[in-house]
$ cat run.txt   # compact mmCIF, C-alpha atoms
# COMPACT_ATOMS: atom_id res chain seq x y z
CA MET A 1258 -14.40 -14.82 10.64
CA LYS A 1259 -11.21 -15.98 12.33
CA VAL A 1260 -7.91 -15.01 10.72
CA LEU A 1261 -4.26 -15.95 11.22
CA PRO A 1262 -2.13 -12.78 11.07
CA VAL A 1263 0.89 -13.42 8.82
CA GLY A 1264 3.26 -11.46 6.64
CA LEU A 1265 3.42 -12.81 3.09
CA LEU A 1266 6.83 -12.69 1.44
CA VAL A 1267 6.09 -11.88 -2.20
CA ASP A 1268 9.30 -10.06 -3.12
CA GLY A 1269 10.21 -11.02 -6.69
CA ARG A 1270 7.18 -13.31 -7.10
CA LEU A 1271 4.34 -12.93 -9.57
CA CYS A 1272 1.03 -11.65 -8.22
CA VAL A 1273 -1.95 -11.08 -10.51
CA VAL A 1274 -4.71 -8.52 -10.09
CA ILE A 1275 -7.87 -9.12 -12.08
CA GLY A 1276 -9.54 -5.76 -12.56
CA GLY A 1277 -8.62 -2.25 -13.63
CA GLY A 1278 -10.59 0.02 -11.32
CA VAL A 1279 -9.55 2.19 -8.39
CA VAL A 1280 -9.72 -0.69 -5.90
CA ALA A 1281 -7.64 -2.92 -8.18
CA ALA A 1282 -5.07 -0.13 -8.48
CA ARG A 1283 -4.88 0.16 -4.71
CA LYS A 1284 -4.26 -3.57 -4.35
CA ALA A 1285 -1.65 -3.47 -7.11
CA ALA A 1286 0.11 -0.59 -5.36
CA ALA A 1287 0.28 -2.59 -2.12
CA LEU A 1288 1.84 -5.51 -3.98
CA VAL A 1289 4.38 -3.25 -5.68
CA GLU A 1290 5.34 -1.81 -2.32
CA ALA A 1291 5.93 -5.35 -1.06
CA GLY A 1292 8.32 -6.03 -3.96
CA ALA A 1293 6.05 -8.31 -5.97
CA VAL A 1294 6.09 -8.69 -9.74
CA VAL A 1295 2.60 -7.46 -10.57
CA ARG A 1296 0.40 -8.24 -13.55
CA ALA A 1297 -2.99 -6.52 -13.89
CA VAL A 1298 -5.63 -7.79 -16.30
CA ALA A 1299 -8.63 -5.73 -17.42
CA PRO A 1300 -10.32 -4.40 -20.56
CA PHE A 1301 -9.72 -0.86 -19.28
CA PHE A 1302 -7.56 0.69 -16.56
CA ALA A 1303 -8.33 3.61 -14.26
CA GLU A 1304 -5.98 6.59 -14.25
CA ASP A 1305 -4.68 5.40 -10.88
CA PHE A 1306 -2.70 2.73 -12.71
CA ASP A 1307 -0.73 5.43 -14.53
CA GLU A 1308 1.03 6.20 -11.25
CA LEU A 1309 2.18 2.60 -10.73
CA ALA A 1310 5.65 1.89 -12.08
CA GLY A 1311 6.56 -1.61 -13.15
CA VAL A 1312 3.06 -3.09 -13.32
CA GLU A 1313 2.44 -5.26 -16.41
CA MET A 1314 -0.96 -4.15 -17.68
CA VAL A 1315 -2.69 -6.69 -19.91
CA LYS A 1316 -5.69 -5.20 -21.72
CA GLY A 1317 -8.45 -7.71 -22.28
CA ARG A 1318 -10.91 -9.89 -20.44
CA TYR A 1319 -9.62 -12.37 -17.91
CA GLU A 1320 -8.51 -15.77 -19.20
CA LEU A 1321 -6.98 -18.72 -17.39
CA HIS A 1322 -3.50 -18.28 -18.89
CA HIS A 1323 -3.17 -14.90 -17.19
CA LEU A 1324 -2.59 -16.73 -13.89
CA GLU A 1325 0.32 -18.84 -15.08
CA GLY A 1326 3.13 -18.71 -12.53
CA ALA A 1327 1.20 -16.62 -10.00
CA CYS A 1328 1.58 -17.24 -6.27
CA LEU A 1329 -1.25 -14.86 -5.35
CA VAL A 1330 -4.34 -13.62 -7.18
CA ILE A 1331 -6.66 -10.73 -6.37
CA ALA A 1332 -10.04 -10.67 -8.08
CA ALA A 1333 -11.22 -7.06 -8.09
CA THR A 1334 -13.59 -6.64 -11.02
CA ASP A 1335 -17.18 -5.39 -10.73
CA GLU A 1336 -18.40 -8.72 -12.16
CA SER A 1337 -18.99 -11.35 -9.47
CA ARG A 1338 -18.98 -14.16 -12.06
CA THR A 1339 -15.52 -13.17 -13.29
CA ASN A 1340 -14.22 -12.81 -9.73
CA LEU A 1341 -15.48 -16.24 -8.69
CA GLN A 1342 -14.12 -17.90 -11.84
CA ALA A 1343 -10.70 -16.33 -11.29
CA ALA A 1344 -10.80 -17.48 -7.66
CA ARG A 1345 -11.58 -21.08 -8.65
CA ASP A 1346 -8.87 -21.05 -11.31
CA ALA A 1347 -6.31 -19.59 -8.91
CA ARG A 1348 -6.97 -22.18 -6.22
CA ALA A 1349 -6.74 -24.97 -8.77
CA ALA A 1350 -3.33 -23.58 -9.74
CA GLY A 1351 -2.19 -23.48 -6.09
CA ALA A 1352 -2.31 -19.70 -5.67
CA LEU A 1353 -3.70 -17.78 -2.71
CA VAL A 1354 -6.88 -15.83 -3.49
CA ASN A 1355 -8.46 -12.57 -2.40
CA VAL A 1356 -11.87 -11.67 -3.81
CA VAL A 1357 -12.51 -8.00 -3.04
CA ASP A 1358 -15.53 -7.36 -0.80
CA THR A 1359 -16.30 -11.09 -0.61
CA PRO A 1360 -14.44 -12.37 2.47
CA GLN A 1361 -16.10 -15.80 2.38
CA GLU A 1362 -14.35 -16.44 -0.96
CA CYS A 1363 -10.90 -15.33 0.28
CA ASP A 1364 -7.87 -17.29 1.40
CA PHE A 1365 -6.56 -14.07 2.94
CA ILE A 1366 -7.80 -10.55 3.56
CA PHE A 1367 -6.00 -7.23 3.41
CA PRO A 1368 -5.63 -5.54 6.79
CA ALA A 1369 -5.48 -1.80 7.27
CA VAL A 1370 -1.75 -1.03 7.54
CA SER A 1371 0.13 1.76 9.26
CA ARG A 1372 3.71 2.01 7.95
CA ARG A 1373 6.79 3.65 9.41
CA GLY A 1374 9.80 2.63 7.34
CA ASP A 1375 10.27 -1.13 7.78
CA ILE A 1376 7.57 -1.22 10.46
CA ALA A 1377 4.11 -2.30 9.36
CA VAL A 1378 1.32 -2.44 11.93
CA ALA A 1379 -1.66 -4.33 10.52
CA VAL A 1380 -5.23 -4.12 11.82
CA SER A 1381 -7.87 -6.67 10.89
CA THR A 1382 -11.46 -7.05 12.02
CA GLY A 1383 -11.83 -10.49 10.46
CA GLY A 1384 -13.80 -9.01 7.58
CA ALA A 1385 -16.42 -7.56 9.93
CA SER A 1386 -15.77 -3.88 9.23
CA PRO A 1387 -13.05 -2.42 7.01
CA ALA A 1388 -14.19 1.03 8.20
CA LEU A 1389 -13.35 0.11 11.79
CA ALA A 1390 -9.98 -1.27 10.71
CA ARG A 1391 -9.21 2.04 8.97
CA HIS A 1392 -10.29 3.97 12.07
CA LEU A 1393 -7.94 1.94 14.27
CA ARG A 1394 -5.13 2.38 11.76
CA GLU A 1395 -5.57 6.13 11.97
CA ARG A 1396 -5.32 5.93 15.75
CA ILE A 1397 -2.09 3.96 15.40
CA ASP A 1398 -0.77 6.52 12.90
CA GLY A 1399 -1.14 9.14 15.61
CA THR A 1400 0.72 7.03 18.16
CA VAL A 1401 3.55 5.32 16.25
CA GLY A 1402 5.69 8.17 14.91
CA ASP A 1403 8.43 8.21 12.29
CA VAL A 1404 11.05 7.71 15.01
CA TYR A 1405 10.02 4.06 15.21
CA GLY A 1406 10.89 3.60 11.55
CA GLU A 1407 14.31 5.14 12.22
CA LEU A 1408 14.79 2.78 15.15
CA ALA A 1409 13.91 -0.18 12.96
CA SER A 1410 16.53 1.01 10.46
CA VAL A 1411 19.20 1.12 13.18
CA LEU A 1412 18.28 -2.36 14.40
CA LYS A 1413 18.39 -3.69 10.84
CA SER A 1414 21.87 -2.23 10.33
CA VAL A 1415 23.41 -4.03 13.31
CA ARG A 1416 21.32 -7.20 13.27
CA GLU A 1417 23.50 -9.37 11.03
CA ARG A 1418 26.70 -8.76 12.98
CA ALA A 1419 24.96 -9.12 16.32
CA ILE A 1420 23.57 -12.53 15.36
CA ALA A 1421 26.97 -13.64 14.07
CA ARG A 1422 29.02 -12.41 17.02
CA LEU A 1423 26.72 -13.01 19.98
CA PRO A 1424 26.47 -16.81 20.11
CA GLN A 1425 23.92 -17.18 22.90
CA ALA A 1426 20.25 -16.29 22.52
CA ALA A 1427 20.22 -14.59 25.92
CA GLN A 1428 23.09 -12.32 24.87
CA ARG A 1429 21.33 -11.31 21.67
CA ARG A 1430 18.03 -10.72 23.46
CA LYS A 1431 19.67 -8.47 26.06
CA PHE A 1432 21.45 -6.46 23.36
CA PHE A 1433 18.39 -5.94 21.16
CA GLU A 1434 16.10 -5.16 24.10
CA GLY A 1435 18.52 -2.40 25.08
CA LEU A 1436 18.03 -0.81 21.66
CA ALA A 1437 14.29 -1.40 21.37
CA SER A 1438 13.60 0.87 24.32
CA ASP A 1439 12.18 4.28 25.20
CA GLU A 1440 15.71 5.39 26.12
CA PHE A 1441 17.04 4.63 22.66
CA LEU A 1442 14.01 6.22 21.00
CA ALA A 1443 14.75 9.36 23.00
CA LEU A 1444 18.33 9.30 21.72
CA ILE A 1445 17.12 9.17 18.11
CA GLU A 1446 14.69 12.02 18.69
CA ALA A 1447 17.35 14.16 20.40
CA GLU A 1448 20.42 13.45 18.25
CA GLY A 1449 19.21 11.76 15.07
CA ARG A 1450 19.58 8.41 13.39
CA GLU A 1451 23.32 8.58 12.66
CA ALA A 1452 24.22 9.33 16.29
CA ALA A 1453 21.95 6.49 17.40
CA LEU A 1454 23.56 4.12 14.90
CA GLU A 1455 27.02 5.02 16.18
CA GLU A 1456 25.84 4.33 19.74
CA ALA A 1457 24.35 1.00 18.63
CA TRP A 1458 27.68 -0.09 17.14
CA ARG A 1459 29.44 0.96 20.34
CA ARG A 1460 27.02 -1.08 22.44
CA LEU A 1461 27.45 -4.06 20.15
CA ASP A 1462 31.24 -3.92 20.54
CA VAL A 1463 30.77 -3.90 24.32
CA ALA A 1464 28.35 -6.83 24.15
CA ILE A 1465 30.71 -8.84 21.94
CA SER A 1466 33.63 -8.16 24.29
CA ARG A 1467 31.54 -9.24 27.28
CA ALA A 1468 30.41 -12.40 25.46
CA HIS A 1469 34.04 -13.25 24.66
CA GLN A 1470 35.04 -12.80 28.30
CA GLU A 1471 32.19 -15.04 29.45
CA SER A 1472 33.19 -17.79 27.02
CA SER A 1473 36.83 -17.59 28.13
CA ALA A 1474 36.05 -17.70 31.86
$ encode --input "run.txt" --output "structure tokens"
Amino acid sequence: MKVLPVGLLVDGRLCVVIGGGVVAARKAAALVEAGAVVRAVAPFFAEDFDELAGVEMVKGRYELHHLEGACLVIAATDESRTNLQAARDARAAGALVNVVDTPQECDFIFPAVSRRGDIAVAVSTGGASPALARHLRERIDGTVGDVYGELASVLKSVRERAIARLPQAAQRRKFFEGLASDEFLALIEAEGREAALEEAWRRLDVAISRAHQESSA
């Protein structure tokens, strides 16, 4: 199965999970982490749902009206008939669909994700083997340390001003490539995030000054 790797922006948007088991809870947790407004529908809910803050839990069997306003629907019950009906209803309503453990019925699949702050490294096997995807994620977990999340935080802090004050794409690329480097990672590891952020602001001031001189020449 061929897939197009994308990052869905669901922050503040309604996503519906049909099902109340452990798998459904895991999918709901992933949506919560992405900032979605989550509604879960099931006759009963596993204890895992108790740990999820902000999830609207609707007790009862799935009905069409539960999907109203949803941009994304996950069918995760242990009843294939219910899952397929929810998938058909969701597509008819214009929502993206994931049917757990049935990739041929999905509009998207969940990759195995390694997270470090704002960094998310996703691994997909095209539905061939979730176990292999998890194995590769664990390998990535051992390679991409927390320092990368701290670097992403520094880059995020200076990004808006850099884009505003460095008018040429080449200037911005040179500045950001200087920060996204082994040298800058070493600085974070040796002196911490705050020292690295201070150095990033200093470098940005230098880059802005140089850009101004080039435009005035």
$ atom_distance --input "run.txt" --atom1 "atom CA of A:Ala1287" --atom2 "atom CA of A:Ser1371"
12.2 Å
$ closest_residue --input "run.txt" --among "A:Val1357, A:Val1312, A:Ala1419, A:Val1295" --to "A:Thr1339" --atoms "only C-alpha atoms"
A:Val1357
$ closest_residue --input "run.txt" --among "A:Glu1308, A:Glu1362, A:Glu1446, A:Glu1313" --to "A:Glu1407" --atoms "all atoms listed in the file"
A:Glu1446
$ atom_distance --input "run.txt" --atom1 "atom CA of A:Leu1412" --atom2 "atom CA of A:Leu1444"
13.8 Å
$ closest_residue --input "run.txt" --among "A:Leu1321, A:Val1279, A:Leu1442, A:Leu1341" --to "A:Gln1361" --atoms "only C-alpha atoms"
A:Leu1341
$ closest_residue --input "run.txt" --among "A:Gly1317, A:Pro1262, A:Gly1406, A:Pro1360" --to "A:Ile1275" --atoms "only C-alpha atoms"
A:Gly1317
$ residues_around --input "run.txt" --residues "A:Pro1368" --least-positions-apart "4" --cutoff "6 Å" --atoms "all atoms listed in the file" --output "JSON list (two decimals) with C-alpha atoms, in the frame of the given file"
[["chain", "number", "residue", "atom", "x", "y", "z"],
["A", 1379, "ALA", "CA", -1.66, -4.33, 10.52],
["A", 1380, "VAL", "CA", -5.23, -4.12, 11.82],
["A", 1381, "SER", "CA", -7.87, -6.67, 10.89]]
$ atom_distance --input "run.txt" --atom1 "atom CA of A:Met1314" --atom2 "atom CA of A:Arg1296"
6.0 Å
$ residues_around --input "run.txt" --residues "A:Val1315" --least-positions-apart "3" --cutoff "7 Å" --atoms "all atoms listed in the file" --output "PyMOL selection string"
chain A and resi 1297-1299
$ residues_around --input "run.txt" --residues "A:Arg1372" --least-positions-apart "3" --cutoff "12 Å" --atoms "all atoms listed in the file" --output "list in words"
Ala1287, Glu1290, Ala1291, Ala1369, Asp1375, Ile1376, Ala1377, Val1378, Ala1379, Val1380, Arg1394, Glu1395, Ile1397, Asp1398, Gly1399, Thr1400, Val1401, Gly1402, Asp1403, Val1404, Tyr1405, Gly1406, Glu1407 and Ala1409 of chain A
$ axis_aligned_box --input "run.txt" --around "stretch 1363-1372 of chain A" --padding-each-side "3 Å" --output "lines of an AutoDock Vina configuration file"
center_x = -3.6
center_y = -7.6
center_z = 4.8
size_x = 20.6
size_y = 25.3
size_z = 15.0
$ residues_around --input "run.txt" --residues "A:Ile1445" --least-positions-apart "5" --cutoff "9 Å" --atoms "only C-alpha atoms" --output "ChimeraX atom specification"
/A:1404,1407-1408,1440,1450-1454
$ residues_around --input "run.txt" --residues "A:Phe1365" --least-positions-apart "4" --cutoff "8 Å" --atoms "only C-alpha atoms" --output "list in words"
Val1260, Leu1353, Val1354 and Asn1355 of chain A
$ closest_residue --input "run.txt" --among "A:Gln1425, A:Gly1278, A:Arg1373, A:Pro1387" --to "A:Asp1307" --atoms "all atoms listed in the file"
A:Gly1278
$ closest_residue --input "run.txt" --among "A:Phe1306, A:Phe1301, A:Phe1367, A:Tyr1319" --to "A:Leu1261" --atoms "only C-alpha atoms"
A:Phe1367
